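Q: PDB, N, CA and C atoms and all ligand atoms, file start07.pdb:
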ATOM      1  N   MET A  46       0.412 -48.618 169.316
ATOM      2  CA  MET A  46      -0.417 -47.430 169.500
ATOM      3  C   MET A  46      -0.014 -46.715 170.783
ATOM      4  N   ASP A  47       0.311 -45.543 170.640
ATOM      5  CA  ASP A  47       0.692 -44.748 171.797
ATOM      6  C   ASP A  47      -0.494 -43.892 172.230
ATOM      7  N   HIS A  48      -1.153 -44.385 173.252
ATOM      8  CA  HIS A  48      -2.356 -43.690 173.717
ATOM      9  C   HIS A  48      -2.043 -42.935 174.988
ATOM     10  N   GLN A  49      -2.087 -41.670 174.895
ATOM     11  CA  GLN A  49      -1.702 -40.873 176.056
ATOM     12  C   GLN A  49      -2.899 -40.581 176.961
ATOM     13  N   TYR A  50      -2.564 -40.513 178.198
ATOM     14  CA  TYR A  50      -3.593 -40.157 179.176
ATOM     15  C   TYR A  50      -3.738 -38.642 179.230
ATOM     16  N   ASP A  51      -4.969 -38.218 179.158
ATOM     17  CA  ASP A  51      -5.166 -36.787 179.405
ATOM     18  C   ASP A  51      -5.647 -36.603 180.839
ATOM     19  N   ASN A  52      -4.717 -36.345 181.645
ATOM     20  CA  ASN A  52      -5.021 -36.261 183.065
ATOM     21  C   ASN A  52      -5.194 -34.802 183.478
ATOM     22  N   GLY A  53      -6.428 -34.479 183.809
ATOM     23  CA  GLY A  53      -6.687 -33.130 184.289
ATOM     24  C   GLY A  53      -6.850 -32.115 183.179
ATOM     25  N   SER A  54      -7.003 -32.590 181.973
ATOM     26  CA  SER A  54      -7.197 -31.624 180.905
ATOM     27  C   SER A  54      -8.659 -31.208 180.793
ATOM     28  N   HIS A  55      -9.516 -32.104 181.196
ATOM     29  CA  HIS A  55     -10.933 -31.756 181.182
ATOM     30  C   HIS A  55     -11.377 -31.346 182.574
ATOM     31  N   THR A  56     -11.188 -30.115 182.871
ATOM     32  CA  THR A  56     -11.554 -29.645 184.203
ATOM     33  C   THR A  56     -12.799 -28.757 184.127
ATOM     34  N   SER A  57     -13.763 -29.231 183.426
ATOM     35  CA  SER A  57     -15.014 -28.484 183.399
ATOM     36  C   SER A  57     -15.872 -28.905 184.592
ATOM     37  N   GLY A  58     -16.898 -28.132 184.874
ATOM     38  CA  GLY A  58     -17.731 -28.440 186.023
ATOM     39  C   GLY A  58     -18.488 -29.738 185.818
ATOM     40  N   TYR A  59     -18.046 -30.698 186.508
ATOM     41  CA  TYR A  59     -18.645 -32.016 186.342
ATOM     42  C   TYR A  59     -19.322 -32.419 187.638
ATOM     43  N   HIS A  60     -20.641 -32.354 187.594
ATOM     44  CA  HIS A  60     -21.372 -32.692 188.819
ATOM     45  C   HIS A  60     -21.805 -34.145 188.773
ATOM     46  N   ASN A  61     -21.530 -34.786 189.836
ATOM     47  CA  ASN A  61     -21.826 -36.205 189.885
ATOM     48  C   ASN A  61     -22.774 -36.517 191.032
ATOM     49  N   GLY A  62     -23.867 -37.143 190.692
ATOM     50  CA  GLY A  62     -24.770 -37.639 191.719
ATOM     51  C   GLY A  62     -25.551 -36.567 192.433
ATOM     52  N   THR A  63     -25.976 -35.562 191.702
ATOM     53  CA  THR A  63     -26.867 -34.601 192.339
ATOM     54  C   THR A  63     -28.296 -34.952 191.955
ATOM     55  N   GLU A  64     -28.775 -35.892 192.679
ATOM     56  CA  GLU A  64     -30.109 -36.384 192.359
ATOM     57  C   GLU A  64     -31.141 -35.734 193.262
ATOM     58  N   GLN A  65     -32.143 -35.187 192.650
ATOM     59  CA  GLN A  65     -33.200 -34.579 193.448
ATOM     60  C   GLN A  65     -34.458 -35.408 193.317
ATOM     61  N   SER A  66     -34.834 -35.979 194.432
ATOM     62  CA  SER A  66     -36.011 -36.832 194.417
ATOM     63  C   SER A  66     -37.253 -36.111 194.938
ATOM     64  N   SER A  67     -37.048 -34.879 195.372
ATOM     65  CA  SER A  67     -38.194 -34.158 195.934
ATOM     66  C   SER A  67     -38.849 -33.312 194.854
ATOM     67  N   GLY A  68     -39.625 -33.991 194.070
ATOM     68  CA  GLY A  68     -40.284 -33.276 192.988
ATOM     69  C   GLY A  68     -41.590 -32.650 193.421
ATOM     70  N   ARG A  69     -42.228 -33.293 194.386
ATOM     71  CA  ARG A  69     -43.539 -32.800 194.788
ATOM     72  C   ARG A  69     -43.425 -31.596 195.707
ATOM     73  N   ARG A  70     -44.201 -30.639 195.431
ATOM     74  CA  ARG A  70     -44.292 -29.528 196.366
ATOM     75  C   ARG A  70     -45.654 -29.577 197.017
ATOM     76  N   TYR A  71     -45.796 -30.507 197.856
ATOM     77  CA  TYR A  71     -47.056 -30.648 198.555
ATOM     78  C   TYR A  71     -46.785 -30.561 200.031
ATOM     79  N   TYR A  72     -47.826 -30.750 200.762
ATOM     80  CA  TYR A  72     -47.704 -30.676 202.207
ATOM     81  C   TYR A  72     -46.682 -31.699 202.699
ATOM     82  N   VAL A  73     -45.784 -31.260 203.556
ATOM     83  CA  VAL A  73     -44.787 -32.172 204.093
ATOM     84  C   VAL A  73     -45.458 -33.130 205.060
ATOM     85  N   ARG A  74     -45.411 -34.368 204.717
ATOM     86  CA  ARG A  74     -46.101 -35.363 205.533
ATOM     87  C   ARG A  74     -45.226 -35.843 206.682
ATOM     88  N   PRO A  75     -45.649 -35.593 207.883
ATOM     89  CA  PRO A  75     -44.882 -36.083 209.028
ATOM     90  C   PRO A  75     -45.052 -37.586 209.187
ATOM     91  N   LYS A  76     -44.043 -38.183 209.739
ATOM     92  CA  LYS A  76     -44.094 -39.639 209.911
ATOM     93  C   LYS A  76     -44.849 -40.038 211.161
ATOM     94  N   PHE A  77     -44.859 -39.138 212.110
ATOM     95  CA  PHE A  77     -45.484 -39.484 213.372
ATOM     96  C   PHE A  77     -46.631 -38.523 213.663
ATOM     97  N   CYS A  78     -47.468 -38.997 214.536
ATOM     98  CA  CYS A  78     -48.575 -38.171 214.970
ATOM     99  C   CYS A  78     -48.034 -36.944 215.704
ATOM    100  N   GLN A  79     -48.431 -35.784 215.231
ATOM    101  CA  GLN A  79     -47.885 -34.559 215.815
ATOM    102  C   GLN A  79     -48.330 -34.360 217.254
ATOM    103  N   PHE A  80     -49.479 -34.895 217.585
ATOM    104  CA  PHE A  80     -49.977 -34.721 218.946
ATOM    105  C   PHE A  80     -49.305 -35.688 219.906
ATOM    106  N   CYS A  81     -48.864 -36.815 219.388
ATOM    107  CA  CYS A  81     -48.129 -37.751 220.233
ATOM    108  C   CYS A  81     -46.704 -37.246 220.442
ATOM    109  N   VAL A  82     -46.135 -36.623 219.414
ATOM    110  CA  VAL A  82     -44.765 -36.147 219.513
ATOM    111  C   VAL A  82     -44.683 -34.917 220.405
ATOM    112  N   ASP A  83     -45.571 -33.984 220.142
ATOM    113  CA  ASP A  83     -45.554 -32.738 220.888
ATOM    114  C   ASP A  83     -46.635 -32.753 221.966
ATOM    115  N   LYS A  84     -46.200 -32.896 223.184
ATOM    116  CA  LYS A  84     -47.158 -32.996 224.287
ATOM    117  C   LYS A  84     -47.844 -31.669 224.570
ATOM    118  N   HIS A  85     -47.222 -30.606 224.120
ATOM    119  CA  HIS A  85     -47.803 -29.292 224.387
ATOM    120  C   HIS A  85     -48.893 -28.949 223.382
ATOM    121  N   LEU A  86     -48.931 -29.722 222.330
ATOM    122  CA  LEU A  86     -49.912 -29.470 221.290
ATOM    123  C   LEU A  86     -51.230 -30.129 221.690
ATOM    124  N   ALA A  87     -52.162 -29.313 222.052
ATOM    125  CA  ALA A  87     -53.436 -29.834 222.518
ATOM    126  C   ALA A  87     -54.488 -29.708 221.427
ATOM    127  N   ILE A  88     -55.351 -30.690 221.381
ATOM    128  CA  ILE A  88     -56.452 -30.630 220.437
ATOM    129  C   ILE A  88     -57.590 -29.865 221.091
ATOM    130  N   ASP A  89     -57.789 -28.679 220.627
ATOM    131  CA  ASP A  89     -58.801 -27.826 221.230
ATOM    132  C   ASP A  89     -59.575 -27.162 220.104
ATOM    133  N   TYR A  90     -60.872 -27.234 220.215
ATOM    134  CA  TYR A  90     -61.673 -26.674 219.123
ATOM    135  C   TYR A  90     -61.560 -25.162 219.041
ATOM    136  N   LYS A  91     -61.042 -24.564 220.114
ATOM    137  CA  LYS A  91     -60.862 -23.116 220.088
ATOM    138  C   LYS A  91     -59.569 -22.715 219.396
ATOM    139  N   GLN A  92     -58.665 -23.679 219.235
ATOM    140  CA  GLN A  92     -57.385 -23.385 218.594
ATOM    141  C   GLN A  92     -57.499 -23.582 217.093
ATOM    142  N   ALA A  93     -58.093 -22.628 216.459
ATOM    143  CA  ALA A  93     -58.356 -22.766 215.027
ATOM    144  C   ALA A  93     -57.066 -22.806 214.218
ATOM    145  N   ASP A  94     -56.037 -22.159 214.726
ATOM    146  CA  ASP A  94     -54.771 -22.157 213.989
ATOM    147  C   ASP A  94     -54.199 -23.556 213.855
ATOM    148  N   ILE A  95     -54.322 -24.317 214.936
ATOM    149  CA  ILE A  95     -53.822 -25.687 214.900
ATOM    150  C   ILE A  95     -54.727 -26.557 214.037
ATOM    151  N   LEU A  96     -56.014 -26.367 214.227
ATOM    152  CA  LEU A  96     -56.954 -27.198 213.479
ATOM    153  C   LEU A  96     -56.842 -26.973 211.973
ATOM    154  N   ARG A  97     -56.531 -25.758 211.617
ATOM    155  CA  ARG A  97     -56.426 -25.445 210.191
ATOM    156  C   ARG A  97     -55.331 -26.245 209.501
ATOM    157  N   ARG A  98     -54.355 -26.665 210.274
ATOM    158  CA  ARG A  98     -53.288 -27.480 209.686
ATOM    159  C   ARG A  98     -53.797 -28.855 209.297
ATOM    160  N   PHE A  99     -54.944 -29.218 209.822
ATOM    161  CA  PHE A  99     -55.448 -30.563 209.576
ATOM    162  C   PHE A  99     -56.705 -30.576 208.721
ATOM    163  N   VAL A 100     -56.981 -29.458 208.125
ATOM    164  CA  VAL A 100     -58.076 -29.428 207.169
ATOM    165  C   VAL A 100     -57.545 -28.880 205.847
ATOM    166  N   THR A 101     -58.217 -29.230 204.799
ATOM    167  CA  THR A 101     -57.828 -28.726 203.491
ATOM    168  C   THR A 101     -58.325 -27.295 203.347
ATOM    169  N   GLU A 102     -57.972 -26.683 202.243
ATOM    170  CA  GLU A 102     -58.430 -25.328 201.999
ATOM    171  C   GLU A 102     -59.939 -25.287 201.832
ATOM    172  N   GLU A 103     -60.490 -26.388 201.494
ATOM    173  CA  GLU A 103     -61.937 -26.470 201.348
ATOM    174  C   GLU A 103     -62.628 -26.681 202.683
ATOM    175  N   GLY A 104     -61.831 -26.885 203.710
ATOM    176  CA  GLY A 104     -62.414 -27.063 205.031
ATOM    177  C   GLY A 104     -62.678 -28.518 205.376
ATOM    178  N   LYS A 105     -62.190 -29.384 204.543
ATOM    179  CA  LYS A 105     -62.396 -30.804 204.819
ATOM    180  C   LYS A 105     -61.255 -31.351 205.670
ATOM    181  N   ILE A 106     -61.571 -32.316 206.474
ATOM    182  CA  ILE A 106     -60.560 -32.901 207.341
ATOM    183  C   ILE A 106     -59.590 -33.725 206.495
ATOM    184  N   ARG A 107     -58.326 -33.471 206.707
ATOM    185  CA  ARG A 107     -57.318 -34.223 205.963
ATOM    186  C   ARG A 107     -57.290 -35.681 206.428
ATOM    187  N   PRO A 108     -57.046 -36.564 205.514
ATOM    188  CA  PRO A 108     -56.931 -37.966 205.910
ATOM    189  C   PRO A 108     -55.659 -38.206 206.718
ATOM    190  N   ARG A 109     -55.707 -39.249 207.489
ATOM    191  CA  ARG A 109     -54.564 -39.563 208.360
ATOM    192  C   ARG A 109     -53.288 -39.784 207.580
ATOM    193  N   ARG A 110     -53.432 -40.256 206.383
ATOM    194  CA  ARG A 110     -52.235 -40.529 205.594
ATOM    195  C   ARG A 110     -51.473 -39.257 205.264
ATOM    196  N   GLN A 111     -52.196 -38.185 205.199
ATOM    197  CA  GLN A 111     -51.528 -36.921 204.892
ATOM    198  C   GLN A 111     -50.939 -36.269 206.121
ATOM    199  N   THR A 112     -51.641 -36.386 207.231
ATOM    200  CA  THR A 112     -51.198 -35.660 208.408
ATOM    201  C   THR A 112     -50.345 -36.507 209.324
ATOM    202  N   GLY A 113     -50.484 -37.822 209.220
ATOM    203  CA  GLY A 113     -49.697 -38.705 210.072
ATOM    204  C   GLY A 113     -50.279 -38.848 211.467
ATOM    205  N   THR A 114     -51.450 -38.299 211.651
ATOM    206  CA  THR A 114     -52.073 -38.354 212.972
ATOM    207  C   THR A 114     -52.529 -39.778 213.282
ATOM    208  N   CYS A 115     -52.337 -40.192 214.517
ATOM    209  CA  CYS A 115     -52.732 -41.536 214.893
ATOM    210  C   CYS A 115     -54.253 -41.606 215.055
ATOM    211  N   ALA A 116     -54.764 -42.791 215.132
ATOM    212  CA  ALA A 116     -56.215 -42.994 215.141
ATOM    213  C   ALA A 116     -56.869 -42.300 216.318
ATOM    214  N   LYS A 117     -56.226 -42.388 217.440
ATOM    215  CA  LYS A 117     -56.779 -41.798 218.648
ATOM    216  C   LYS A 117     -56.911 -40.283 218.510
ATOM    217  N   HIS A 118     -55.856 -39.655 218.035
ATOM    218  CA  HIS A 118     -55.879 -38.209 217.922
ATOM    219  C   HIS A 118     -56.686 -37.744 216.716
ATOM    220  N   GLN A 119     -56.752 -38.588 215.707
ATOM    221  CA  GLN A 119     -57.554 -38.228 214.552
ATOM    222  C   GLN A 119     -59.022 -38.115 214.931
ATOM    223  N   ARG A 120     -59.430 -39.002 215.801
ATOM    224  CA  ARG A 120     -60.816 -38.957 216.282
ATOM    225  C   ARG A 120     -61.079 -37.684 217.068
ATOM    226  N   ALA A 121     -60.142 -37.371 217.956
ATOM    227  CA  ALA A 121     -60.289 -36.162 218.753
ATOM    228  C   ALA A 121     -60.249 -34.925 217.864
ATOM    229  N   LEU A 122     -59.411 -35.021 216.866
ATOM    230  CA  LEU A 122     -59.262 -33.908 215.927
ATOM    231  C   LEU A 122     -60.541 -33.681 215.135
ATOM    232  N   ALA A 123     -61.096 -34.768 214.676
ATOM    233  CA  ALA A 123     -62.338 -34.664 213.902
ATOM    234  C   ALA A 123     -63.445 -34.044 214.738
ATOM    235  N   GLY A 124     -63.503 -34.440 215.997
ATOM    236  CA  GLY A 124     -64.505 -33.873 216.889
ATOM    237  C   GLY A 124     -64.270 -32.391 217.113
ATOM    238  N   ALA A 125     -63.008 -32.022 217.288
ATOM    239  CA  ALA A 125     -62.674 -30.622 217.526
ATOM    240  C   ALA A 125     -62.980 -29.770 216.296
ATOM    241  N   ILE A 126     -62.709 -30.321 215.143
ATOM    242  CA  ILE A 126     -62.962 -29.586 213.904
ATOM    243  C   ILE A 126     -64.456 -29.370 213.714
ATOM    244  N   LYS A 127     -65.232 -30.386 214.046
ATOM    245  CA  LYS A 127     -66.681 -30.231 213.914
ATOM    246  C   LYS A 127     -67.223 -29.188 214.881
ATOM    247  N   ARG A 128     -66.666 -29.189 216.079
ATOM    248  CA  ARG A 128     -67.068 -28.167 217.040
ATOM    249  C   ARG A 128     -66.682 -26.780 216.527
ATOM    250  N   ALA A 129     -65.460 -26.688 216.028
ATOM    251  CA  ALA A 129     -64.974 -25.397 215.535
ATOM    252  C   ALA A 129     -65.841 -24.888 214.394
ATOM    253  N   ARG A 130     -66.367 -25.780 213.610
ATOM    254  CA  ARG A 130     -67.255 -25.379 212.520
ATOM    255  C   ARG A 130     -68.545 -24.779 213.072
ATOM    256  N   HIS A 131     -69.010 -25.397 214.137
ATOM    257  CA  HIS A 131     -70.284 -24.946 214.698
ATOM    258  C   HIS A 131     -70.179 -23.546 215.273
ATOM    259  N   ILE A 132     -69.007 -23.203 215.762
ATOM    260  CA  ILE A 132     -68.846 -21.848 216.274
ATOM    261  C   ILE A 132     -68.127 -20.969 215.260
ATOM    262  N   ALA A 133     -68.130 -21.460 214.023
ATOM    263  CA  ALA A 133     -67.676 -20.652 212.881
ATOM    264  C   ALA A 133     -66.205 -20.265 212.941
ATOM    265  N   LEU A 134     -65.403 -21.109 213.578
ATOM    266  CA  LEU A 134     -63.964 -20.875 213.514
ATOM    267  C   LEU A 134     -63.383 -21.451 212.238
ATOM    268  N   LEU A 135     -64.024 -22.505 211.792
ATOM    269  CA  LEU A 135     -63.591 -23.118 210.549
ATOM    270  C   LEU A 135     -64.782 -23.169 209.595
ATOM    271  N   PRO A 136     -64.512 -23.111 208.337
ATOM    272  CA  PRO A 136     -65.611 -23.169 207.374
ATOM    273  C   PRO A 136     -66.174 -24.576 207.247
ATOM    274  N   PHE A 137     -67.403 -24.639 206.911
ATOM    275  CA  PHE A 137     -67.979 -25.933 206.586
ATOM    276  C   PHE A 137     -67.471 -26.371 205.225
ATOM    277  N   SER A 138     -67.409 -27.670 205.095
ATOM    278  CA  SER A 138     -66.933 -28.153 203.802
ATOM    279  C   SER A 138     -68.007 -28.018 202.747
ATOM    280  N   GLY A 139     -69.215 -27.848 203.170
ATOM    281  CA  GLY A 139     -70.309 -27.713 202.225
ATOM    282  C   GLY A 139     -70.805 -29.043 201.731
ATOM    283  N   LYS A 140     -70.121 -30.067 202.173
ATOM    284  CA  LYS A 140     -70.470 -31.399 201.698
ATOM    285  C   LYS A 140     -71.664 -31.960 202.464
ATOM    286  N   SER A 141     -71.578 -31.866 203.760
ATOM    287  CA  SER A 141     -72.669 -32.390 204.564
ATOM    288  C   SER A 141     -72.768 -31.622 205.858
ATOM    289  N   PHE A 142     -73.927 -31.553 206.357
ATOM    290  CA  PHE A 142     -74.152 -30.897 207.638
ATOM    291  C   PHE A 142     -74.489 -31.972 208.651
ATOM    292  N   GLU A 143     -73.553 -32.199 209.540
ATOM    293  CA  GLU A 143     -73.734 -33.306 210.455
ATOM    294  C   GLU A 143     -74.269 -32.819 211.792
ATOM    295  N   GLU A 144     -75.309 -33.444 212.192
ATOM    296  CA  GLU A 144     -75.840 -33.175 213.533
ATOM    297  C   GLU A 144     -75.680 -34.443 214.355
ATOM    298  N   ASP A 145     -75.001 -34.310 215.429
ATOM    299  CA  ASP A 145     -74.738 -35.498 216.229
ATOM    300  C   ASP A 145     -75.918 -35.856 217.139
ATOM    301  N   ARG A 146     -76.786 -34.910 217.328
ATOM    302  CA  ARG A 146     -77.891 -35.193 218.235
ATOM    303  C   ARG A 146     -79.155 -35.517 217.459
TER
HETATM  304 ZN    ZN B 201     -51.436 -39.351 218.425
END
Using the file provided, produce a representation of the structure as structure tokens.
A:
Amino acid sequence: MDHQYDNGSHTSGYHNGTEQSSGRRYYVRPKFCQFCVDKHLAIDYKQADILRRFVTEEGKIRPRRQTGTCAKHQRALAGAIKRARHIALLPFSGKSFEEDR
């Protein structure tokens, strides 16, 4: 049997290994606490722009797993968000009205 090699006869576009694993189009989850990484980023209840990154569209505080915030800063963040709600910088979640006093 004379089996010939066809070398270079099939030169069609052959893509190999273009695997896309990023199917989700959700919030990009950082691996580290953003406040620990960025020293200039301060948790301030007056900075609604920053706080908004850590609440959902419904106004609820995002869980740490989503934001990557460490426990220490998550606590400070939660306090700042609650303050911001009281001065109407952020919407209430409508779920509960918390009075600390
Ligand atoms: Zn932190």
Q: Of the candidates A:Ala93, A:Phe137, A:Ile88, A:Cys78, which shows the shortest atom-to-atom distance to ligand ZN 201 (chain B), using only C-alpha atoms and all ligand atoms?
A: A:Cys78
Q: Record the distance separating CA of Cys115 in chain A and CA of His131 in chain A, expressed in Å with one decimal.
A: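 A separation of 24.2 Å between them.
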Q: Show me which residues sit within 6.5 Å of ligand ZN 201 (chain B) when counting all atoms listed in the file, and put them as a VMD selection string.
A: chain A and resid 78 to 82 114 to 119
Q: Can you work out the spacing between atom C of Ile132 in chain A and CA of Phe77 in chain A in Å, to one decimal?
A: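 Computing it gives 29.3 Å between the two atoms.
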Q: Do a neighbour search on Leu134 in chain A at 8 Å with all atoms listed in the file, toss out local chain neighbours closer than 6 positions, and write the hits as a list in words.
A: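 Near Leu134 in chain A, the qualifying residues are Tyr90, Lys91, Gln92, Ala93, Asp94 and Arg128 of chain A.
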Q: Quick one: pull the distance between atom N of Lys127 in chain A and atom C of Val100 in chain A, Å, one decimal.
A: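 So the two atoms, atom N of Lys127 in chain A and atom C of Val100 in chain A, lie 11.3 Å apart.
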Q: Which residue, A:Lys76, A:Arg120, A:Arg110, A:Lys105, has the smallest gap to Pro136 in chain A when you use only N, CA and C atoms?
A: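 Comparing A:Lys76, A:Arg120, A:Arg110, A:Lys105 against Pro136 in chain A, the winner is A:Lys105.
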